[in-house]
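Structure first, commentary second.
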Amino acid sequence: MKIKEIAELVGGEIVGAPSDDEYEVVKAFASDLMSDVLRFSMDETVLITGLCNNQTMRTSEMADLRVVLIGRDKQPDAEMLELAEDSGITIIKSKYSIFKISGILYAAGIQPLY
Amino acid sequence: MHYTFDIERGNFTDAGQASSSVKRTLKQLGVDPANIKRTVVALFEAEINAVAHAYGGKIDVDIDGEKIVMVVADEGPGIPNLDLAMQEGWSTASAKVREMGYGAGMGLPNIKKNTDDLKIDTKVGVGTTVTMTVYLT
């Protein structure tokens, strides 16, 4: 699924690095725990999280994530957006809860990481 | 090639800068993406550990054609029981560290998983030195 399709499904807004229209998201991983994000391969994966700080971006960078979906209407600050742009990470911010976002994406065919 | 970075206690604004810089360098050097990933994940975990637990420290990274050696040396409380610290889920992280999304007790086990060689020298009340090696060939 394309990044823009995901953004539409969760009523989201794209910020951070510009959306790569060719990038195909196959799987999702939902976690507020960055320690767990670092434990798995994040290929073709969108991270769904309510954690909205610099370390969300740093962890995503190390995990080779290309797209992060921030739920619960959290607002990334300027520094976080700069980190996202520098690392080529697209952020989708959504007002929905993590549970709702996960349900919508699962129903639309996005696979769990495991 | 040799790179050195400073670690500042509790500075979660800048935590990860060293790992980010090393990642960019390895990309420029054309290192295999899988090796880049495990190198920077291990270094990042060690960097976060030092920021979270130590009073300050230093990161030294040496890169040659065969291997990447990363030494994260801190002045800090040390690790009283290394066997426990290597167990998944064991953590002494503060509430602040947990608010940042860390402190799940996965750091050292994850470093071990992502490196070919791991050596930890620690002395209570003095500090900890973590030496990690990733072989490129």
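Please note that chains go A, B, ... in the order of the structure tokens, that every chain numbers its residues from 1, and that ligands are numbered from 1 in the order shown.
Look at Gln111 of chain A: the protein and nucleic acid residues within 7 Å of it, using only C-alpha atoms and passing over chain neighbours fewer than 3 places away, are A:Val26, A:Lys27, A:Ala28, A:Tyr106.
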Once you have the residues from the selection above, write them out as a short mmCIF file (atom, residue, chain, number, x, y, z; two decimals), in the first residue's frame, restricted to N, CA and C atoms.
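Produced file result-v3.cif, reproduced below:
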```cif
data_model
loop_
_atom_site.label_atom_id
_atom_site.label_comp_id
_atom_site.auth_asym_id
_atom_site.auth_seq_id
_atom_site.Cartn_x
_atom_site.Cartn_y
_atom_site.Cartn_z
N VAL A 26 4.05 -2.95 3.27
CA VAL A 26 3.42 -4.28 3.31
C VAL A 26 2.98 -4.63 4.74
N LYS A 27 3.79 -4.19 5.72
CA LYS A 27 3.57 -4.61 7.11
C LYS A 27 3.51 -3.40 8.04
N ALA A 28 2.98 -3.67 9.25
CA ALA A 28 2.96 -2.62 10.27
C ALA A 28 3.40 -3.19 11.60
N TYR A 106 -5.18 -3.06 9.28
CA TYR A 106 -5.26 -4.52 9.21
C TYR A 106 -6.41 -4.93 8.28
#
```
For this session: Determine, counting only C-alpha atoms, which protein, DNA and RNA residues have an atom within 7 Å of an atom of segment 51-62 of chain B; residues of the same chain fewer than 6 positions away are not included. Present the result as a list in words.
Result: Met1, His2, Tyr3, Thr4, Phe5, Asp6, Ile7, Glu8, Arg9, Gly10, Asn11, Ala15, Ile68, Val69, Met70, Val71, Val72, Ala73, Asp74, Glu75, Gly76, Pro77 and Val97 of chain B
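Contact shell of Pro80 of chain B at 9 Å (only C-alpha atoms; same-chain neighbours under 4 positions omitted): Leu84, Ala85, Thr122, Lys123 and Val124 of chain B.
All of the residues in chain B within 6 Å of chain A are B:Val41, B:Gly101, B:Tyr102, where only C-alpha atoms were counted.
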Would you output that residue set with all heavy atoms, as a PDB file, in the first residue's frame?
```pdb
ATOM      1  N   VAL B  41      22.486  -0.340  14.960  1.00  0.00           N
ATOM      2  CA  VAL B  41      21.554  -0.730  16.026  1.00  0.00           C
ATOM      3  C   VAL B  41      22.338  -1.007  17.314  1.00  0.00           C
ATOM      4  O   VAL B  41      21.982  -0.538  18.398  1.00  0.00           O
ATOM      5  CB  VAL B  41      20.694  -1.949  15.618  1.00  0.00           C
ATOM      6  CG1 VAL B  41      20.011  -2.584  16.830  1.00  0.00           C
ATOM      7  CG2 VAL B  41      19.625  -1.533  14.603  1.00  0.00           C
ATOM      8  N   GLY B 101      10.929   6.005  25.616  1.00  0.00           N
ATOM      9  CA  GLY B 101      10.659   4.803  24.817  1.00  0.00           C
ATOM     10  C   GLY B 101      11.682   3.704  25.004  1.00  0.00           C
ATOM     11  O   GLY B 101      11.684   2.724  24.261  1.00  0.00           O
ATOM     12  N   TYR B 102      12.538   3.873  26.014  1.00  0.00           N
ATOM     13  CA  TYR B 102      13.584   2.863  26.257  1.00  0.00           C
ATOM     14  C   TYR B 102      13.410   2.269  27.650  1.00  0.00           C
ATOM     15  O   TYR B 102      12.437   2.526  28.329  1.00  0.00           O
ATOM     16  CB  TYR B 102      14.964   3.504  26.113  1.00  0.00           C
ATOM     17  CG  TYR B 102      15.174   4.194  24.797  1.00  0.00           C
ATOM     18  CD1 TYR B 102      15.339   5.577  24.730  1.00  0.00           C
ATOM     19  CD2 TYR B 102      15.175   3.473  23.610  1.00  0.00           C
ATOM     20  CE1 TYR B 102      15.521   6.219  23.517  1.00  0.00           C
ATOM     21  CE2 TYR B 102      15.354   4.117  22.399  1.00  0.00           C
ATOM     22  CZ  TYR B 102      15.526   5.487  22.352  1.00  0.00           C
ATOM     23  OH  TYR B 102      15.700   6.118  21.156  1.00  0.00           O
TER      24      TYR B 102
END
```
Exercise. So how far away is atom CA of Ala50 of chain B from atom CA of Lys96 of chain B, in Å?
Worked result: 14.1 Å
For this session: Write out as a PyMOL selection string all residues of segment 31-132 of chain B that backbone DSSP assigns to helix (DSSP H, G or I).
Result: chain B and resi 33-53+82-85+95-99+107-114
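Assigned to strand (DSSP E) in chain A, given DSSP computed from backbone atoms, are Glu13, Ile14, Val15, Gly16, Lys27, Ala28, Phe29, Ala30, Thr45, Val46, Leu47, Ile48, Thr49, Val67, Val68, Leu69, Ile70, Thr90, Ile91, Ile92, Lys93, Gln111 and Pro112 of chain A.
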Pick out the residues sitting within 10 Å of Leu81 of chain A, and hand them over as a PDB file with N, CA, C and O atoms, in the first residue's frame; count only C-alpha atoms, and ignore anything fewer than 3 positions along from it in its own chain.
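To be explicit, this is the file written out as around.pdb:
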```
ATOM      1  N   VAL A  15       3.719  14.832   7.010  1.00  0.00           N
ATOM      2  CA  VAL A  15       4.729  15.845   7.338  1.00  0.00           C
ATOM      3  C   VAL A  15       6.106  15.172   7.300  1.00  0.00           C
ATOM      4  O   VAL A  15       6.218  14.007   6.958  1.00  0.00           O
ATOM      5  N   GLY A  16       7.135  15.896   7.676  1.00  0.00           N
ATOM      6  CA  GLY A  16       8.485  15.322   7.635  1.00  0.00           C
ATOM      7  C   GLY A  16       8.976  15.243   6.206  1.00  0.00           C
ATOM      8  O   GLY A  16       8.723  16.139   5.400  1.00  0.00           O
ATOM      9  N   ALA A  17       9.690  14.159   5.877  1.00  0.00           N
ATOM     10  CA  ALA A  17      10.201  14.013   4.509  1.00  0.00           C
ATOM     11  C   ALA A  17       9.044  13.804   3.541  1.00  0.00           C
ATOM     12  O   ALA A  17       8.044  13.187   3.898  1.00  0.00           O
ATOM     13  N   ASN A  53       8.618  11.996  20.011  1.00  0.00           N
ATOM     14  CA  ASN A  53       9.768  12.790  20.441  1.00  0.00           C
ATOM     15  C   ASN A  53      10.964  12.511  19.520  1.00  0.00           C
ATOM     16  O   ASN A  53      10.856  11.706  18.587  1.00  0.00           O
ATOM     17  N   ASN A  54      12.074  13.173  19.797  1.00  0.00           N
ATOM     18  CA  ASN A  54      13.270  13.005  18.954  1.00  0.00           C
ATOM     19  C   ASN A  54      13.683  11.548  18.823  1.00  0.00           C
ATOM     20  O   ASN A  54      14.152  11.112  17.772  1.00  0.00           O
ATOM     21  N   MET A  57      12.313   9.426  16.111  1.00  0.00           N
ATOM     22  CA  MET A  57      12.971   9.610  14.811  1.00  0.00           C
ATOM     23  C   MET A  57      14.342   8.947  14.771  1.00  0.00           C
ATOM     24  O   MET A  57      14.709   8.314  13.789  1.00  0.00           O
ATOM     25  N   GLN A  75       1.601  15.956  18.234  1.00  0.00           N
ATOM     26  CA  GLN A  75       2.148  16.924  17.277  1.00  0.00           C
ATOM     27  C   GLN A  75       3.675  16.921  17.289  1.00  0.00           C
ATOM     28  O   GLN A  75       4.276  17.335  18.290  1.00  0.00           O
ATOM     29  N   PRO A  76       4.307  16.473  16.226  1.00  0.00           N
ATOM     30  CA  PRO A  76       5.770  16.523  16.166  1.00  0.00           C
ATOM     31  C   PRO A  76       6.261  17.974  16.199  1.00  0.00           C
ATOM     32  O   PRO A  76       5.679  18.839  15.539  1.00  0.00           O
ATOM     33  N   ASP A  77       7.313  18.238  16.984  1.00  0.00           N
ATOM     34  CA  ASP A  77       7.835  19.603  17.028  1.00  0.00           C
ATOM     35  C   ASP A  77       8.836  19.833  15.886  1.00  0.00           C
ATOM     36  O   ASP A  77       9.132  18.921  15.109  1.00  0.00           O
ATOM     37  N   ALA A  78       9.334  21.064  15.794  1.00  0.00           N
ATOM     38  CA  ALA A  78      10.191  21.451  14.659  1.00  0.00           C
ATOM     39  C   ALA A  78      11.456  20.583  14.583  1.00  0.00           C
ATOM     40  O   ALA A  78      11.887  20.195  13.495  1.00  0.00           O
ATOM     41  N   ALA A  84      13.348  14.068  10.845  1.00  0.00           N
ATOM     42  CA  ALA A  84      12.644  13.224   9.870  1.00  0.00           C
ATOM     43  C   ALA A  84      13.091  13.558   8.449  1.00  0.00           C
ATOM     44  O   ALA A  84      13.386  12.661   7.652  1.00  0.00           O
ATOM     45  N   GLU A  85      13.181  14.839   8.167  1.00  0.00           N
ATOM     46  CA  GLU A  85      13.596  15.260   6.819  1.00  0.00           C
ATOM     47  C   GLU A  85      15.036  14.836   6.534  1.00  0.00           C
ATOM     48  O   GLU A  85      15.339  14.318   5.468  1.00  0.00           O
ATOM     49  N   ASP A  86      15.901  15.035   7.517  1.00  0.00           N
ATOM     50  CA  ASP A  86      17.318  14.662   7.347  1.00  0.00           C
ATOM     51  C   ASP A  86      17.468  13.165   7.095  1.00  0.00           C
ATOM     52  O   ASP A  86      18.383  12.730   6.388  1.00  0.00           O
ATOM     53  N   SER A  87      16.607  12.386   7.722  1.00  0.00           N
ATOM     54  CA  SER A  87      16.724  10.928   7.620  1.00  0.00           C
ATOM     55  C   SER A  87      15.842  10.345   6.509  1.00  0.00           C
ATOM     56  O   SER A  87      15.804   9.125   6.334  1.00  0.00           O
ATOM     57  N   ILE A  89      12.564  10.281   6.421  1.00  0.00           N
ATOM     58  CA  ILE A  89      11.428   9.549   7.001  1.00  0.00           C
ATOM     59  C   ILE A  89      10.158  10.388   6.858  1.00  0.00           C
ATOM     60  O   ILE A  89      10.103  11.543   7.294  1.00  0.00           O
ATOM     61  N   THR A  90       9.138   9.785   6.252  1.00  0.00           N
ATOM     62  CA  THR A  90       7.843  10.448   6.123  1.00  0.00           C
ATOM     63  C   THR A  90       7.024  10.175   7.377  1.00  0.00           C
ATOM     64  O   THR A  90       6.950   9.036   7.837  1.00  0.00           O
ATOM     65  N   ILE A  91       6.440  11.228   7.926  1.00  0.00           N
ATOM     66  CA  ILE A  91       5.569  11.067   9.097  1.00  0.00           C
ATOM     67  C   ILE A  91       4.120  11.264   8.660  1.00  0.00           C
ATOM     68  O   ILE A  91       3.810  12.212   7.934  1.00  0.00           O
TER      69      ILE A  91
END
```
For this session: Write out as a PyMOL selection string which residues come within 12 Å of Asn110 of chain B when counting only C-alpha atoms, dropping same-chain ones fewer than 5 positions away.
Result: (chain A and resi 35-40) or (chain B and resi 38-46+49+85-89+104-105+115-116+118+132)
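Atom CA of Tyr114 of chain A lies 13.3 Å from atom CA of Glu44 of chain A.
Residues with any atom within 9 Å of segment 102-105 of chain A, counting only C-alpha atoms and excluding same-chain neighbours fewer than 3 positions away, are Ile6, Leu9, Val10, Ala28, Phe29, Ala30, Ile48, Ser97, Ile98, Phe99, Ala108, Gly109, Ile110 and Gln111 of chain A.
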Any chance you could export the current selection's all heavy atoms as a tab-separated table (two decimals), in the first residue's frame?
```tsv
chain	number	residue	atom	x	y	z
A	6	ILE	N	-2.33	5.10	2.89
A	6	ILE	CA	-2.38	4.90	4.35
A	6	ILE	C	-2.84	6.19	5.03
A	6	ILE	O	-3.72	6.17	5.90
A	6	ILE	CB	-0.99	4.47	4.88
A	6	ILE	CG1	-0.63	3.08	4.36
A	6	ILE	CG2	-0.96	4.50	6.41
A	6	ILE	CD1	0.77	2.61	4.70
A	9	LEU	N	-6.54	6.63	4.67
A	9	LEU	CA	-7.33	5.69	5.48
A	9	LEU	C	-7.43	6.11	6.95
A	9	LEU	O	-8.44	5.84	7.60
A	9	LEU	CB	-6.71	4.29	5.40
A	9	LEU	CG	-6.98	3.48	4.13
A	9	LEU	CD1	-6.13	2.22	4.11
A	9	LEU	CD2	-8.46	3.13	4.02
A	10	VAL	N	-6.37	6.74	7.46
A	10	VAL	CA	-6.37	7.10	8.89
A	10	VAL	C	-6.65	8.60	9.09
A	10	VAL	O	-6.44	9.12	10.18
A	10	VAL	CB	-5.04	6.70	9.58
A	10	VAL	CG1	-4.81	5.21	9.49
A	10	VAL	CG2	-3.84	7.47	9.00
A	28	ALA	N	2.98	-3.67	9.25
A	28	ALA	CA	2.96	-2.62	10.27
A	28	ALA	C	3.40	-3.19	11.60
A	28	ALA	O	3.21	-4.38	11.88
A	28	ALA	CB	1.57	-2.02	10.39
A	29	PHE	N	3.99	-2.33	12.41
A	29	PHE	CA	4.37	-2.70	13.77
A	29	PHE	C	3.93	-1.56	14.68
A	29	PHE	O	4.28	-0.40	14.43
A	29	PHE	CB	5.90	-2.90	13.86
A	29	PHE	CG	6.37	-3.39	15.19
A	29	PHE	CD1	6.00	-4.63	15.68
A	29	PHE	CD2	7.22	-2.61	15.97
A	29	PHE	CE1	6.46	-5.10	16.91
A	29	PHE	CE2	7.69	-3.07	17.21
A	29	PHE	CZ	7.30	-4.32	17.66
A	30	ALA	N	3.13	-1.88	15.71
A	30	ALA	CA	2.63	-0.84	16.61
A	30	ALA	C	3.36	-0.94	17.94
A	30	ALA	O	3.31	-1.99	18.59
A	30	ALA	CB	1.12	-0.99	16.81
A	48	ILE	N	3.65	2.26	13.76
A	48	ILE	CA	2.52	3.01	14.32
A	48	ILE	C	2.84	3.26	15.78
A	48	ILE	O	3.09	2.31	16.53
A	48	ILE	CB	1.21	2.19	14.21
A	48	ILE	CG1	0.95	1.76	12.77
A	48	ILE	CG2	0.03	2.98	14.76
A	48	ILE	CD1	-0.15	0.69	12.64
A	97	SER	N	-6.81	6.83	17.57
A	97	SER	CA	-6.05	6.06	18.55
A	97	SER	C	-5.22	4.98	17.84
A	97	SER	O	-5.49	4.64	16.68
A	97	SER	CB	-7.00	5.39	19.55
A	97	SER	OG	-7.72	4.36	18.90
A	98	ILE	N	-4.24	4.45	18.54
A	98	ILE	CA	-3.39	3.41	17.95
A	98	ILE	C	-4.22	2.18	17.61
A	98	ILE	O	-4.02	1.55	16.57
A	98	ILE	CB	-2.25	3.03	18.94
A	98	ILE	CG1	-1.42	4.27	19.30
A	98	ILE	CG2	-1.36	1.93	18.35
A	98	ILE	CD1	-0.79	5.01	18.16
A	99	PHE	N	-5.17	1.85	18.46
A	99	PHE	CA	-6.03	0.69	18.22
A	99	PHE	C	-6.86	0.88	16.95
A	99	PHE	O	-6.95	-0.02	16.11
A	99	PHE	CB	-6.96	0.47	19.43
A	99	PHE	CG	-7.85	-0.72	19.29
A	99	PHE	CD1	-7.35	-2.00	19.44
A	99	PHE	CD2	-9.22	-0.57	19.01
A	99	PHE	CE1	-8.18	-3.11	19.30
A	99	PHE	CE2	-10.04	-1.66	18.87
A	99	PHE	CZ	-9.53	-2.94	19.02
A	108	ALA	N	-7.51	-3.32	5.89
A	108	ALA	CA	-7.19	-2.93	4.51
A	108	ALA	C	-6.09	-3.80	3.91
A	108	ALA	O	-5.66	-3.57	2.78
A	108	ALA	CB	-6.76	-1.46	4.49
A	109	GLY	N	-5.61	-4.77	4.69
A	109	GLY	CA	-4.66	-5.74	4.12
A	109	GLY	C	-3.22	-5.59	4.56
A	109	GLY	O	-2.35	-6.36	4.15
A	110	ILE	N	-2.93	-4.61	5.40
A	110	ILE	CA	-1.55	-4.49	5.93
A	110	ILE	C	-1.31	-5.64	6.91
A	110	ILE	O	-2.14	-5.93	7.77
A	110	ILE	CB	-1.36	-3.12	6.63
A	110	ILE	CG1	-1.48	-1.97	5.63
A	110	ILE	CG2	-0.03	-3.07	7.37
A	110	ILE	CD1	-0.33	-1.85	4.64
A	111	GLN	N	-0.15	-6.28	6.76
A	111	GLN	CA	0.15	-7.47	7.54
A	111	GLN	C	0.85	-7.11	8.86
A	111	GLN	O	1.57	-6.12	8.93
A	111	GLN	CB	1.09	-8.38	6.74
A	111	GLN	CG	0.48	-8.90	5.45
A	111	GLN	CD	-0.69	-9.82	5.73
A	111	GLN	OE1	-0.55	-10.81	6.44
A	111	GLN	NE2	-1.84	-9.49	5.18
```
